[in-house]
Structure formats: structure tokens, C-alpha cells
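*Asks:* Structure supplied as input21.cif; contents: mmCIF, C-alpha atoms and all ligand atoms.
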```cif
data_coords
#
loop_
_atom_site.label_atom_id
_atom_site.label_comp_id
_atom_site.auth_asym_id
_atom_site.auth_seq_id
_atom_site.Cartn_x
_atom_site.Cartn_y
_atom_site.Cartn_z
CA MET A 1 8.08 -73.81 -75.27
CA ALA A 2 9.17 -74.01 -71.63
CA LEU A 3 11.43 -71.07 -72.21
CA LEU A 4 8.54 -69.00 -73.46
CA LYS A 5 6.55 -69.70 -70.32
CA LEU A 6 9.44 -68.63 -68.21
CA PHE A 7 9.66 -65.34 -70.09
CA LEU A 8 5.97 -64.61 -69.71
CA GLY A 9 6.12 -65.44 -66.01
CA ALA A 10 8.90 -62.91 -65.52
CA LEU A 11 7.01 -60.28 -67.45
CA LEU A 12 3.92 -60.81 -65.30
CA LEU A 13 5.96 -60.44 -62.17
CA LEU A 14 7.38 -57.17 -63.46
CA GLN A 15 3.84 -55.80 -63.92
CA PHE A 16 3.00 -56.53 -60.33
CA VAL A 17 6.00 -54.63 -59.25
CA LEU A 18 5.27 -51.57 -61.43
CA LEU A 19 1.53 -51.49 -60.54
CA ASP A 20 1.99 -51.74 -56.77
CA GLY A 21 -1.17 -50.58 -54.95
CA ALA A 22 -3.21 -50.30 -58.22
CA GLU A 23 -6.44 -52.00 -58.94
CA PRO A 24 -5.97 -55.53 -60.07
CA GLN A 25 -5.78 -55.56 -63.90
CA ASN A 26 -6.88 -58.13 -66.28
CA LEU A 27 -3.58 -59.54 -67.08
CA ASN A 28 -4.91 -60.74 -70.26
CA CYS A 29 -5.60 -57.11 -71.51
CA PRO A 30 -2.74 -54.70 -72.16
CA ALA A 31 -3.04 -51.29 -70.16
CA TYR A 32 -3.09 -47.87 -71.91
CA GLY A 33 -1.80 -44.56 -70.39
CA GLY A 34 -4.78 -42.30 -69.36
CA VAL A 35 -5.12 -38.52 -69.50
CA PRO A 36 -3.54 -36.78 -66.35
CA GLY A 37 -6.16 -35.60 -63.76
CA THR A 38 -6.51 -32.06 -62.46
CA PRO A 39 -4.20 -31.18 -59.51
CA GLY A 40 -5.71 -31.61 -56.07
CA HIS A 41 -6.49 -28.68 -53.71
CA ASN A 42 -3.78 -27.32 -51.45
CA GLY A 43 -3.76 -28.85 -47.98
CA LEU A 44 -4.31 -26.92 -44.71
CA PRO A 45 -1.29 -24.77 -43.37
CA GLY A 46 0.98 -26.60 -41.07
CA ARG A 47 1.36 -25.74 -37.36
CA ASP A 48 3.73 -22.92 -36.19
CA GLY A 49 7.24 -24.09 -35.82
CA ARG A 50 9.34 -23.79 -32.66
CA ASP A 51 11.23 -20.53 -31.73
CA GLY A 52 14.56 -20.28 -33.37
CA LYS A 53 17.83 -19.76 -31.55
CA ASP A 54 18.88 -16.26 -30.25
CA GLY A 55 20.47 -14.16 -32.88
CA ALA A 56 23.90 -12.57 -32.62
CA ILE A 57 24.42 -9.41 -30.41
CA GLY A 58 23.64 -6.27 -32.37
CA PRO A 59 25.96 -3.26 -32.76
CA LYS A 60 26.26 -0.63 -29.92
CA GLY A 61 23.60 2.12 -30.04
CA GLU A 62 24.29 5.84 -30.41
CA LYS A 63 24.96 8.04 -27.33
CA GLY A 64 21.74 9.41 -25.78
CA GLU A 65 20.77 13.07 -25.24
CA PRO A 66 22.06 14.74 -22.00
CA GLY A 67 19.59 14.54 -19.03
CA VAL A 68 17.58 17.48 -17.69
CA ASN A 69 19.17 19.22 -14.61
CA VAL A 70 16.49 18.81 -11.89
CA GLN A 71 17.55 18.94 -8.22
CA GLY A 72 16.43 15.95 -6.18
CA THR A 73 15.02 16.03 -2.63
CA PRO A 74 17.56 16.81 0.15
CA GLY A 75 19.21 13.82 1.76
CA LYS A 76 19.36 13.11 5.50
CA ALA A 77 21.42 15.42 7.71
CA GLY A 78 24.97 14.23 8.17
CA PRO A 79 26.80 13.95 11.51
CA SER A 80 28.03 17.13 13.25
CA GLY A 81 31.30 18.46 12.04
CA PRO A 82 34.27 19.27 14.28
CA ALA A 83 34.17 22.45 16.43
CA GLY A 84 35.15 25.62 14.65
CA ALA A 85 38.00 27.88 15.63
CA LYS A 86 37.55 30.20 18.62
CA GLY A 87 35.99 33.52 17.62
CA GLU A 88 37.45 36.92 18.28
CA ARG A 89 36.98 38.59 21.62
CA GLY A 90 33.74 40.58 21.78
CA PRO A 91 33.45 44.25 22.69
CA PRO A 92 33.49 45.12 26.40
CA GLY A 93 30.12 45.01 28.14
CA LEU A 94 28.31 47.90 29.74
CA PRO A 95 29.56 48.91 33.17
CA GLY A 96 27.73 47.26 36.06
CA SER A 97 25.55 49.16 38.47
CA GLU A 98 28.12 48.79 41.21
CA SER A 99 31.70 47.61 41.02
CA THR A 100 33.22 45.20 43.50
CA ALA A 101 35.27 47.99 45.04
CA ASP A 102 32.20 50.18 45.51
CA SER A 103 30.31 47.24 47.01
CA LEU A 104 33.08 46.60 49.51
CA LYS A 105 33.29 50.30 50.35
CA SER A 106 29.55 50.36 51.01
CA GLU A 107 29.81 47.25 53.16
CA ILE A 108 32.65 48.74 55.22
CA GLN A 109 30.63 51.89 55.83
CA HIS A 110 27.71 49.73 56.90
CA LEU A 111 29.92 47.83 59.34
CA ASN A 112 31.43 51.04 60.72
CA THR A 113 27.93 52.31 61.44
CA LYS A 114 27.05 49.08 63.24
CA ILE A 115 30.26 49.14 65.26
CA ALA A 116 29.62 52.75 66.27
CA MET A 117 26.13 51.78 67.45
CA LEU A 118 27.51 48.84 69.42
CA GLU A 119 30.08 51.09 71.06
CA LYS A 120 27.27 53.47 71.95
CA ALA A 121 25.22 50.59 73.37
CA ALA A 122 28.21 49.42 75.39
CA SER A 123 28.50 52.92 76.86
CA PHE A 124 25.12 52.49 78.60
CA ASN A 125 25.05 51.33 82.20
CA THR A 126 23.06 48.28 81.26
CA PHE A 127 22.54 46.42 77.99
CA ARG A 128 21.13 43.04 77.16
CA LYS A 129 21.22 41.11 73.90
CA VAL A 130 18.05 39.42 72.66
CA GLY A 131 18.12 37.81 69.22
CA GLN A 132 19.62 40.35 66.84
CA LYS A 133 18.78 43.29 69.12
CA TYR A 134 20.36 45.00 72.07
CA TYR A 135 18.21 46.55 74.79
CA VAL A 136 20.11 49.37 76.47
CA THR A 137 19.49 51.89 79.25
CA ASP A 138 21.33 54.16 81.59
CA GLY A 139 18.29 54.74 83.77
CA ILE A 140 17.31 58.18 82.47
CA GLU A 141 13.66 59.15 83.06
CA LEU A 142 11.92 61.23 80.38
CA THR A 143 8.45 61.92 78.98
CA PHE A 144 7.30 59.65 76.18
CA ASP A 145 8.16 62.09 73.38
CA ASN A 146 11.52 63.05 74.87
CA GLY A 147 12.33 59.37 75.33
CA MET A 148 11.55 58.72 71.64
CA GLN A 149 13.96 61.47 70.64
CA TYR A 150 16.58 60.27 73.10
CA CYS A 151 16.72 56.81 71.54
CA LYS A 152 16.61 58.21 68.02
CA ASP A 153 19.60 60.46 68.66
CA PHE A 154 21.99 57.53 68.79
CA GLY A 155 20.37 55.56 65.94
CA GLY A 156 18.04 53.41 68.00
CA ALA A 157 14.36 53.47 68.96
CA MET A 158 12.34 53.23 72.15
CA VAL A 159 11.94 49.58 73.12
CA LEU A 160 8.96 47.54 71.86
CA PRO A 161 9.00 43.78 72.46
CA ILE A 162 7.32 41.86 69.64
CA THR A 163 7.65 38.34 71.05
CA THR A 164 7.27 36.69 74.45
CA LEU A 165 11.04 36.12 74.46
CA GLU A 166 11.71 39.81 73.91
CA ASN A 167 9.17 40.78 76.57
CA GLN A 168 10.94 38.51 79.06
CA ALA A 169 14.35 39.95 78.12
CA LEU A 170 13.02 43.49 78.58
CA LEU A 171 11.60 42.66 81.98
CA LYS A 172 14.90 41.11 83.10
CA LEU A 173 16.79 44.23 82.02
CA SER A 174 14.24 46.44 83.77
CA VAL A 175 14.58 44.47 86.99
CA SER A 176 18.37 44.10 86.90
CA SER A 177 18.82 47.83 86.32
CA GLY A 178 16.47 48.71 89.17
CA LEU A 179 13.87 50.36 86.90
CA SER A 180 10.97 47.92 87.06
CA SER A 181 9.17 49.69 89.90
CA LYS A 182 9.21 52.89 87.86
CA ARG A 183 7.62 51.14 84.88
CA PRO A 184 9.61 52.03 81.76
CA PHE A 185 7.83 53.24 78.62
CA ILE A 186 7.27 50.95 75.64
CA ARG A 187 6.78 52.35 72.14
CA ILE A 188 2.98 52.11 71.78
CA THR A 189 0.27 54.77 71.96
CA ASP A 190 -3.43 55.34 71.27
CA ARG A 191 -3.20 59.11 70.87
CA GLU A 192 -4.39 58.82 67.28
CA THR A 193 -7.49 56.74 68.07
CA GLU A 194 -8.51 56.28 71.69
CA GLY A 195 -8.49 52.64 72.72
CA GLN A 196 -6.55 51.46 69.65
CA PHE A 197 -2.90 51.10 70.58
CA VAL A 198 -0.44 51.01 67.68
CA ASP A 199 3.30 51.52 67.43
CA THR A 200 4.70 55.02 66.91
CA GLU A 201 4.68 54.49 63.12
CA GLY A 202 0.94 53.76 63.23
CA LYS A 203 1.36 50.02 62.51
CA GLN A 204 -0.91 47.39 64.06
CA LEU A 205 0.63 45.46 66.95
CA THR A 206 1.42 41.81 66.22
CA PHE A 207 2.17 41.07 69.87
CA THR A 208 0.63 42.45 73.06
CA ASN A 209 0.94 41.46 76.71
CA TRP A 210 -1.68 43.57 78.51
CA LEU A 211 -2.47 43.22 82.20
CA ASN A 212 -6.11 42.25 82.79
CA GLY A 213 -8.35 45.33 82.63
CA GLN A 214 -5.74 47.35 80.72
CA PRO A 215 -5.49 49.60 78.85
CA ASP A 216 -8.13 51.56 80.84
CA ASP A 217 -7.21 55.17 79.93
CA TYR A 218 -7.54 56.06 83.62
CA LYS A 219 -9.08 59.51 84.01
CA GLY A 220 -8.77 59.91 80.23
CA LEU A 221 -5.07 60.70 80.57
CA GLN A 222 -3.33 57.42 79.67
CA ASP A 223 -2.31 57.15 76.05
CA CYS A 224 1.18 55.61 76.23
CA GLY A 225 2.35 52.08 77.05
CA ILE A 226 4.47 51.03 80.01
CA ILE A 227 5.82 47.70 81.32
CA PRO A 228 5.36 47.26 85.12
CA GLN A 229 7.20 44.78 87.38
CA SER A 230 4.88 41.94 86.38
CA GLY A 231 5.89 42.28 82.73
CA LEU A 232 2.19 42.74 81.91
CA TRP A 233 1.49 45.98 80.05
CA ASP A 234 -0.44 49.03 81.25
CA ASP A 235 -1.17 52.46 79.85
CA ALA A 236 0.01 55.66 81.52
CA ASN A 237 0.22 59.42 81.08
CA CYS A 238 2.57 60.22 78.20
CA ASP A 239 3.71 63.45 79.88
CA ASN A 240 4.89 61.89 83.10
CA PRO A 241 8.56 60.88 83.11
CA HIS A 242 9.31 57.14 83.06
CA PRO A 243 12.59 55.24 82.59
CA ILE A 244 13.69 55.06 78.95
CA ILE A 245 14.99 51.80 77.48
CA CYS A 246 16.14 51.82 73.85
CA GLU A 247 16.66 49.02 71.35
CA ILE A 248 19.16 48.84 68.50
CA GLU A 249 19.45 46.38 65.66
CA THR A 250 22.80 44.63 65.43
CA GLU A 251 22.21 42.41 62.43
CA PHE A 252 25.40 42.08 60.42
CA THR A 253 25.21 41.20 56.76
CA LEU A 254 28.66 39.54 56.65
CA CA B 301 -4.00 52.31 82.59
#
```
Could you rewrite the structure in this file as C-alpha cells?
Ligand SMILES: [Ca+2]

*Replies:*
Amino acid sequence: MALLKLFLGALLLLQFVLLDGAEPQNLNCPAYGGVPGTPGHNGLPGRDGRDGKDGAIGPKGEKGEPGVNVQGTPGKAGPSGPAGAKGERGPPGLPGSESTADSLKSEIQHLNTKIAMLEKAASFNTFRKVGQKYYVTDGIELTFDNGMQYCKDFGGAMVLPITTLENQALLKLSVSSGLSSKRPFIRITDRETEGQFVDTEGKQLTFTNWLNGQPDDYKGLQDCGIIPQSGLWDDANCDNPHPIICEIETEFTL
């Protein structure tokens, strides 16, 4: 009898184990297997999984098509290159207007002319240098027109001071040569227009040194200039002879 109780106790314990979580059963009633229920509905989809690992490197692709030939924009200018070789000698130029030899020849002729004039000046009884001019005289007395020609014949001109310095030099020559009292001619005249003294080329005078009251055209016969002892100018009769003093330029270009 005790053994039977032990067996039933073990069997009861086995039922508890097999029916874990089920409703409590009447242990006094034996259980029957029911009909299987319909399957439940599918659950909701699960969340996206994490990214997988990188795959293996694929095979090399095929060679691409050749590119289109389009010229790009020019680049910056590079540094200067080395100097090129010397070019060939050019053709000869056109001849100049005057060669060096011709220029020298002309200059020598010019100097010879000047020297000849100086020798002529030195042949006068009296000469005096003032600036680049020489005043010369040998005391000859001529009319105004003859005096003009006289000076011209040796390449000079009748004297005409154009500065105070020249007027003083002329007066000194006139005095030292004993001509001042005879009042030498100077190269001015108003024969063209009475009362308007100009030089013998008709040019206006830039310097005058008239005595007070002169020129007065005394008796209507005085149309040519003279330089008296005072150095102050007067007008006189052109046809009366007066001492002739000439001037020559001595300006050298060398
Ligand atoms: Ca007068």
C-alpha cells in the first residue's frame, strides 16, 4: 500500500513537469488531447539590419574611349631666351648730304676767307677789335654812297655801332686816328622816309645815340648819320665827304 502511494506521488510530479505554465488541472480527472488551433497571424517585420562588410575588389574595367583634341588656354609667358646669333651685315646706307672731307674742305675755305679779311684789316692804318668785330680805317674821306662801296669791296660794311660798348669803341678809334673832328659816317639814313632813320638794309635800329635836337635835317639836306667828337649822333649831307670807317666780322666757327 505504501508503495502504491509512492508511485502515484511520482506520477503526479511528472504531470506538473509536463504541464508547466498550463492551467491547473483537476488532478483527479484524466486530460484528453484537444483539436489543434488555427495558426496565429504573422508578426510585424523586424528592423533593418546593420551594413555588411565591404565586398572584395572587383575586376579592372575596360579601357575608355580616346579624349577629344581641344586646345586649352595659353599658359603664362616663359622667361626670355638667350640672345640669338648676330645677323648679317645690312646693305650700305644712302650717301650723306656732305662727307667729312667735303665738310673740312668747306671749313678751310671759310677760314681762308676770314684770314684774308683779317690781313686786309691789318693793312689799314688803324684797326680796333670790339667783340667779334674789327673797326678799321685808313682815314679816307668819301661820300656816303662811295664809302658804302669802299667797305663792301673788301668784304666789310660801313660801321654801325649797335651797343653802347661798340659806340664807345668807334669813338675811341675815331679820336685815336685823328678823324673825330671830321665826323665819320655811320651806316644809317632816312632817305627812304624823312625823319625815320634805318640801316642801309631798311631794318629798324635797335640802338641809337642821338645828340639832343638831332636828327634835324638841317636845311632839308641831311639824310645820313655821322658820329661827332662827343660820340652823340647827328645827321649830315650824304653827298659831302666824311671819313669812312668799316667793320668786319671775325667770328670763327672753330
Ligand atoms: Ca643834323

*Asks:* Collect all residues with atoms no farther than 8 Å from ligand CA 301 (chain B), counting all atoms listed in the file, and output them as a VMD selection string.

*Replies:* chain A and resid 214 to 218 222 234 to 236

*Asks:* So that each row is one residue of range 169-229 of chain A with an atom at most 12 Å from range 114-125 of chain A, can you give its shortest atom pair and the distance in Å to one decimal, using all atoms listed in the file, rows by chain and rising number, as a tab-separated table?

*Replies:*
```
residue	atom	partner	partner_atom	distance
A:Leu173	CA	A:Asn125	CA	10.9
A:Ser174	CA	A:Asn125	CA	12.0
A:Ser176	CA	A:Asn125	CA	10.9
A:Ser177	CA	A:Asn125	CA	8.2
A:Gly178	CA	A:Asn125	CA	11.4
```

*Asks:* Ranking A:Tyr135, A:Pro82, A:Thr189, A:Pro92 by minimum distance to Ile248 in chain A and counting only C-alpha atoms, which one comes first?

*Replies:*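 Looking only at the distances to Ile248 in chain A, the closest residue turns out to be A:Tyr135.
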
*Asks:* Just give me the gap between CA of Glu247 in chain A and CA of Leu171 in chain A in Å, one decimal is fine.

*Replies:* 13.4 Å

*Asks:* In terms of the shortest atom-to-atom distance over all atoms listed in the file, which of A:Lys53, A:Lys152, A:Lys63, A:Lys105 is closest to Ile244 in chain A?

*Replies:* A:Lys152

*Asks:* Between A:Phe144, A:Gly34, A:Leu170, A:Gln204, which residue has the minimum interatomic distance to Asn237 in chain A, considering all atoms listed in the file?

*Replies:*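 Using all atoms listed in the file, Asn237 in chain A sits closest to A:Phe144.
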
*Asks:* Which residue gives the smallest distance to Pro184 in chain A among A:Leu211, A:Cys224, A:Val68, A:Leu165, with all atoms listed in the file counted?

*Replies:*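 Answer, going by the shortest atom-to-atom distance: A:Cys224.
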